[in-house]
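*Asks:* My structure is in my_file-v1.cif, and what it holds is mmCIF, C-alpha atoms:
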```cif
data_run
#
loop_
_atom_site.group_PDB
_atom_site.id
_atom_site.type_symbol
_atom_site.label_atom_id
_atom_site.label_comp_id
_atom_site.auth_asym_id
_atom_site.auth_seq_id
_atom_site.Cartn_x
_atom_site.Cartn_y
_atom_site.Cartn_z
ATOM 1 C CA MET A 759 -9.464 8.818 -34.098
ATOM 2 C CA GLU A 760 -8.394 8.656 -30.440
ATOM 3 C CA ASN A 761 -10.804 10.375 -28.041
ATOM 4 C CA HIS A 762 -13.462 10.708 -30.701
ATOM 5 C CA ILE A 763 -17.075 9.659 -30.428
ATOM 6 C CA LEU A 764 -18.301 6.835 -32.632
ATOM 7 C CA LEU A 765 -21.957 7.202 -33.663
ATOM 8 C CA ILE A 766 -23.546 3.905 -34.647
ATOM 9 C CA HIS A 767 -26.579 3.025 -36.769
ATOM 10 C CA THR A 768 -27.428 -0.667 -36.289
ATOM 11 C CA ARG A 769 -29.203 -1.928 -39.379
ATOM 12 C CA PHE A 770 -31.007 -5.143 -38.428
ATOM 13 C CA ASP A 771 -31.985 -4.928 -34.774
ATOM 14 C CA PRO A 772 -35.581 -4.249 -33.650
ATOM 15 C CA ILE A 773 -34.451 -2.626 -30.393
ATOM 16 C CA SER A 774 -32.239 -0.234 -32.367
ATOM 17 C CA TRP A 775 -35.193 0.629 -34.591
ATOM 18 C CA LEU A 776 -37.244 1.452 -31.501
ATOM 19 C CA ILE A 777 -34.463 3.601 -30.060
ATOM 20 C CA ARG A 778 -34.169 5.570 -33.317
ATOM 21 C CA SER A 779 -37.926 5.976 -33.438
ATOM 22 C CA TYR A 780 -38.121 7.388 -29.917
ATOM 23 C CA THR A 781 -35.000 9.555 -30.126
ATOM 24 C CA HIS A 782 -35.683 10.813 -33.681
ATOM 25 C CA SER A 783 -32.065 10.172 -34.584
ATOM 26 C CA PHE A 784 -30.384 8.310 -37.425
ATOM 27 C CA TYR A 785 -27.985 6.867 -34.853
ATOM 28 C CA ASN A 786 -29.125 4.527 -32.089
ATOM 29 C CA HIS A 787 -25.832 4.085 -30.238
ATOM 30 C CA CYS A 788 -22.560 5.831 -29.484
ATOM 31 C CA ALA A 789 -19.228 4.902 -27.950
ATOM 32 C CA TRP A 790 -16.068 6.704 -26.829
ATOM 33 C CA ILE A 791 -12.994 5.791 -28.872
ATOM 34 C CA LEU A 792 -10.069 5.144 -26.521
ATOM 35 C CA ASN A 793 -7.492 4.430 -29.231
ATOM 36 C CA SER A 794 -7.292 2.943 -32.728
ATOM 37 C CA HIS A 795 -8.369 -0.461 -31.413
ATOM 38 C CA LEU A 796 -10.644 0.037 -28.397
ATOM 39 C CA ILE A 797 -13.902 1.746 -27.458
ATOM 40 C CA VAL A 798 -15.731 2.092 -24.155
ATOM 41 C CA GLU A 799 -19.518 1.964 -24.327
ATOM 42 C CA SER A 800 -22.666 1.537 -22.305
ATOM 43 C CA THR A 801 -24.279 -1.669 -23.586
ATOM 44 C CA ARG A 802 -27.233 -3.822 -22.620
ATOM 45 C CA GLY A 803 -24.785 -5.856 -20.519
ATOM 46 C CA GLY A 804 -23.165 -2.909 -18.734
ATOM 47 C CA ILE A 805 -20.217 -0.604 -19.333
ATOM 48 C CA LYS A 806 -17.727 -2.473 -21.522
ATOM 49 C CA ILE A 807 -14.455 -1.992 -23.325
ATOM 50 C CA ASN A 808 -14.729 -3.563 -26.772
ATOM 51 C CA HIS A 809 -12.713 -3.750 -29.957
ATOM 52 C CA ILE A 810 -13.684 -1.026 -32.427
ATOM 53 C CA ASN A 811 -13.887 -3.601 -35.237
ATOM 54 C CA LYS A 812 -17.134 -4.752 -33.627
ATOM 55 C CA TYR A 813 -18.816 -1.909 -35.574
ATOM 56 C CA ARG A 814 -16.765 -1.966 -38.784
ATOM 57 C CA ASN A 815 -19.021 -4.322 -40.789
ATOM 58 C CA PRO A 816 -20.878 -1.994 -43.218
ATOM 59 C CA LEU A 817 -23.583 -4.594 -43.811
ATOM 60 C CA LEU A 818 -24.587 -4.452 -40.146
ATOM 61 C CA TYR A 819 -23.609 -0.936 -39.064
ATOM 62 C CA GLY A 820 -23.364 2.584 -40.331
ATOM 63 C CA THR A 821 -20.867 4.656 -38.342
ATOM 64 C CA LYS A 822 -19.645 8.207 -38.092
ATOM 65 C CA GLU A 823 -16.686 9.454 -36.068
ATOM 66 C CA ILE A 824 -16.873 12.939 -34.609
ATOM 67 C CA TYR A 825 -14.610 14.803 -32.234
ATOM 68 C CA ILE A 826 -15.078 17.369 -29.495
ATOM 69 C CA LYS A 827 -13.608 20.664 -30.699
ATOM 70 C CA LYS A 828 -12.156 22.051 -27.470
ATOM 71 C CA LEU A 829 -10.890 18.923 -25.777
ATOM 72 C CA TYR A 830 -7.197 19.073 -24.987
ATOM 73 C CA THR A 831 -4.803 16.361 -23.802
ATOM 74 C CA PRO A 832 -5.355 16.681 -20.023
ATOM 75 C CA GLU A 833 -9.125 16.638 -20.491
ATOM 76 C CA ARG A 834 -8.911 13.687 -22.900
ATOM 77 C CA LYS A 835 -7.006 11.664 -20.334
ATOM 78 C CA LEU A 836 -9.483 12.652 -17.623
ATOM 79 C CA ILE A 837 -12.521 11.626 -19.702
ATOM 80 C CA ASN A 838 -10.834 8.337 -20.660
ATOM 81 C CA ASN A 839 -10.270 7.606 -16.955
ATOM 82 C CA LEU A 840 -13.776 8.670 -15.916
ATOM 83 C CA LEU A 841 -15.355 6.437 -18.559
ATOM 84 C CA THR A 842 -13.124 3.379 -18.153
ATOM 85 C CA ASN A 843 -13.454 3.457 -14.351
ATOM 86 C CA GLN A 844 -17.146 2.621 -14.789
ATOM 87 C CA VAL A 845 -16.565 -0.685 -16.589
ATOM 88 C CA GLY A 846 -18.719 -3.460 -15.130
ATOM 89 C CA SER A 847 -21.860 -5.553 -15.485
ATOM 90 C CA ILE A 848 -25.398 -4.352 -14.915
ATOM 91 C CA SER A 849 -28.337 -6.430 -13.764
ATOM 92 C CA TYR A 850 -30.980 -7.513 -16.245
ATOM 93 C CA ILE A 851 -33.777 -5.771 -14.346
ATOM 94 C CA LYS A 852 -31.979 -2.392 -14.429
ATOM 95 C CA ARG A 853 -31.338 -2.775 -18.165
ATOM 96 C CA PHE A 854 -34.996 -3.656 -18.741
ATOM 97 C CA ILE A 855 -36.270 -0.691 -16.687
ATOM 98 C CA THR A 856 -33.953 1.691 -18.534
ATOM 99 C CA PHE A 857 -35.178 0.382 -21.893
ATOM 100 C CA ILE A 858 -38.807 0.865 -20.788
ATOM 101 C CA TYR A 859 -38.072 4.444 -19.646
ATOM 102 C CA VAL A 860 -36.469 5.270 -22.990
ATOM 103 C CA ALA A 861 -39.252 3.554 -24.952
ATOM 104 C CA MET A 862 -41.947 5.416 -23.020
ATOM 105 C CA ASN A 863 -39.985 8.675 -23.279
ATOM 106 C CA LYS A 864 -40.079 8.974 -19.484
ATOM 107 C CA LYS A 865 -38.335 12.090 -18.242
ATOM 108 C CA GLN A 866 -36.872 10.614 -15.090
ATOM 109 C CA LYS A 867 -33.486 9.311 -14.032
ATOM 110 C CA HIS A 868 -32.606 6.010 -15.693
ATOM 111 C CA PRO A 869 -31.365 3.136 -13.519
ATOM 112 C CA ILE A 870 -28.336 2.753 -15.827
ATOM 113 C CA PRO A 871 -26.811 5.269 -18.228
ATOM 114 C CA THR A 872 -27.838 5.175 -21.850
ATOM 115 C CA CYS A 873 -24.927 5.190 -24.281
ATOM 116 C CA SER A 874 -25.102 8.939 -24.918
ATOM 117 C CA ASN A 875 -25.795 9.823 -21.281
ATOM 118 C CA PHE A 876 -22.739 7.769 -20.325
ATOM 119 C CA ILE A 877 -20.537 10.088 -22.429
ATOM 120 C CA ALA A 878 -22.469 13.334 -21.840
ATOM 121 C CA LYS A 879 -22.417 13.166 -18.037
ATOM 122 C CA GLU A 880 -18.601 12.993 -18.021
ATOM 123 C CA CYS A 881 -18.176 15.697 -20.673
ATOM 124 C CA ILE A 882 -20.419 18.111 -18.760
ATOM 125 C CA LYS A 883 -17.922 17.957 -15.876
ATOM 126 C CA LEU A 884 -15.452 19.660 -18.230
ATOM 127 C CA GLY A 885 -17.951 22.229 -19.481
ATOM 128 C CA ILE A 886 -18.812 20.335 -22.666
ATOM 129 C CA ASN A 887 -22.588 20.446 -23.017
ATOM 130 C CA PHE A 888 -23.970 18.732 -26.101
ATOM 131 C CA ASN A 889 -27.435 20.272 -25.726
ATOM 132 C CA PRO A 890 -27.892 23.111 -23.213
ATOM 133 C CA LEU A 891 -31.677 22.726 -23.491
ATOM 134 C CA LYS A 892 -31.604 19.135 -22.166
ATOM 135 C CA ASP A 893 -30.509 17.484 -18.971
ATOM 136 C CA THR A 894 -27.557 15.170 -19.709
ATOM 137 C CA GLU A 895 -29.779 12.276 -18.616
ATOM 138 C CA PHE A 896 -31.756 12.654 -21.851
ATOM 139 C CA ILE A 897 -29.018 13.402 -24.392
ATOM 140 C CA THR A 898 -29.309 11.208 -27.497
ATOM 141 C CA PRO A 899 -26.767 10.218 -30.148
ATOM 142 C CA GLY A 900 -28.574 12.693 -32.421
ATOM 143 C CA ASP A 901 -27.988 15.522 -29.917
ATOM 144 C CA ILE A 902 -24.284 14.710 -29.881
ATOM 145 C CA GLU A 903 -24.120 14.581 -33.679
ATOM 146 C CA VAL A 904 -25.579 18.078 -34.200
ATOM 147 C CA SER A 905 -23.967 19.729 -31.182
ATOM 148 C CA ALA A 906 -21.910 22.883 -31.652
ATOM 149 C CA GLU A 907 -19.335 21.196 -29.379
ATOM 150 C CA VAL A 908 -18.374 18.618 -32.025
ATOM 151 C CA SER A 909 -16.980 18.570 -35.526
ATOM 152 C CA GLY A 910 -16.025 16.048 -38.138
ATOM 153 C CA GLY A 911 -17.755 13.120 -39.591
ATOM 154 C CA TYR A 912 -15.786 10.392 -41.259
#
```
Could you spell out this file's structure in structure tokens?
*Replies:*
Amino acid sequence: MENHILLIHTRFDPISWLIRSYTHSFYNHCAWILNSHLIVESTRGGIKINHINKYRNPLLYGTKEIYIKKLYTPERKLINNLLTNQVGSISYIKRFITFIYVAMNKKQKHPIPTCSNFIAKECIKLGINFNPLKDTEFITPGDIEVSAEVSGGY
């Protein structure tokens, strides 16, 4: 469970429906699992560390845990540090602009990282590329799910 990626399908949220529509993915969100209790994720309010139980209600969320195949202990610690060092709030206007870019399928740098870009841009530093045909800026939860770099699903 530790150092896995949690893919999230939010059931009753119009913004999540839009994200799935534009990304063509069953999952609209993803988070990095730090340990059995905590995740780090890029949210509408910024980069946050949250309790994993936030997504454990099956009436509200469908989840899938996957792991990166060739990620060893030193790299796990490095990714954990790279991700947790980014924790902080993000302004409303930057969140809004990022949402508009995603909704319009704009192929330009987002003002804040999307949830999957947040994870992908740190993994690429270690040679883990979820989709070699895409810039990490535009990686989606669906790209991570089907990547040859990952395995699992529980």
*Asks:* Given only C-alpha atoms as the basis, pick out the residue of A:Leu764, A:Ile824, A:Ile805, A:Cys788 nearest to Val904 (chain A).
*Replies:*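 Under the stated criterion, the closest residue is A:Ile824.
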*Asks:* Taking the file as I've supplied it (selection: the PyMOL selection byres ((chain A and resi 842) around 12)), which residues are included? Please answer as a VMD selection string.
*Replies:* chain A and resid 789 to 792 796 to 800 804 to 808 835 to 841 843 to 846 876 to 877 880
*Asks:* Given the PyMOL selection byres ((chain A and resi 906) around 12) and the file above, list the residues it selects as number ranges by chain.
*Replies:* A: 824-828, 886-890, 901-905, 907-910
*Asks:* Using only C-alpha atoms, which of A:Lys879, A:Arg802, A:His795, A:Lys892 sits nearest Ser774 (chain A)?
*Replies:*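 For Ser774 (chain A), the nearest of the candidates is A:Arg802.
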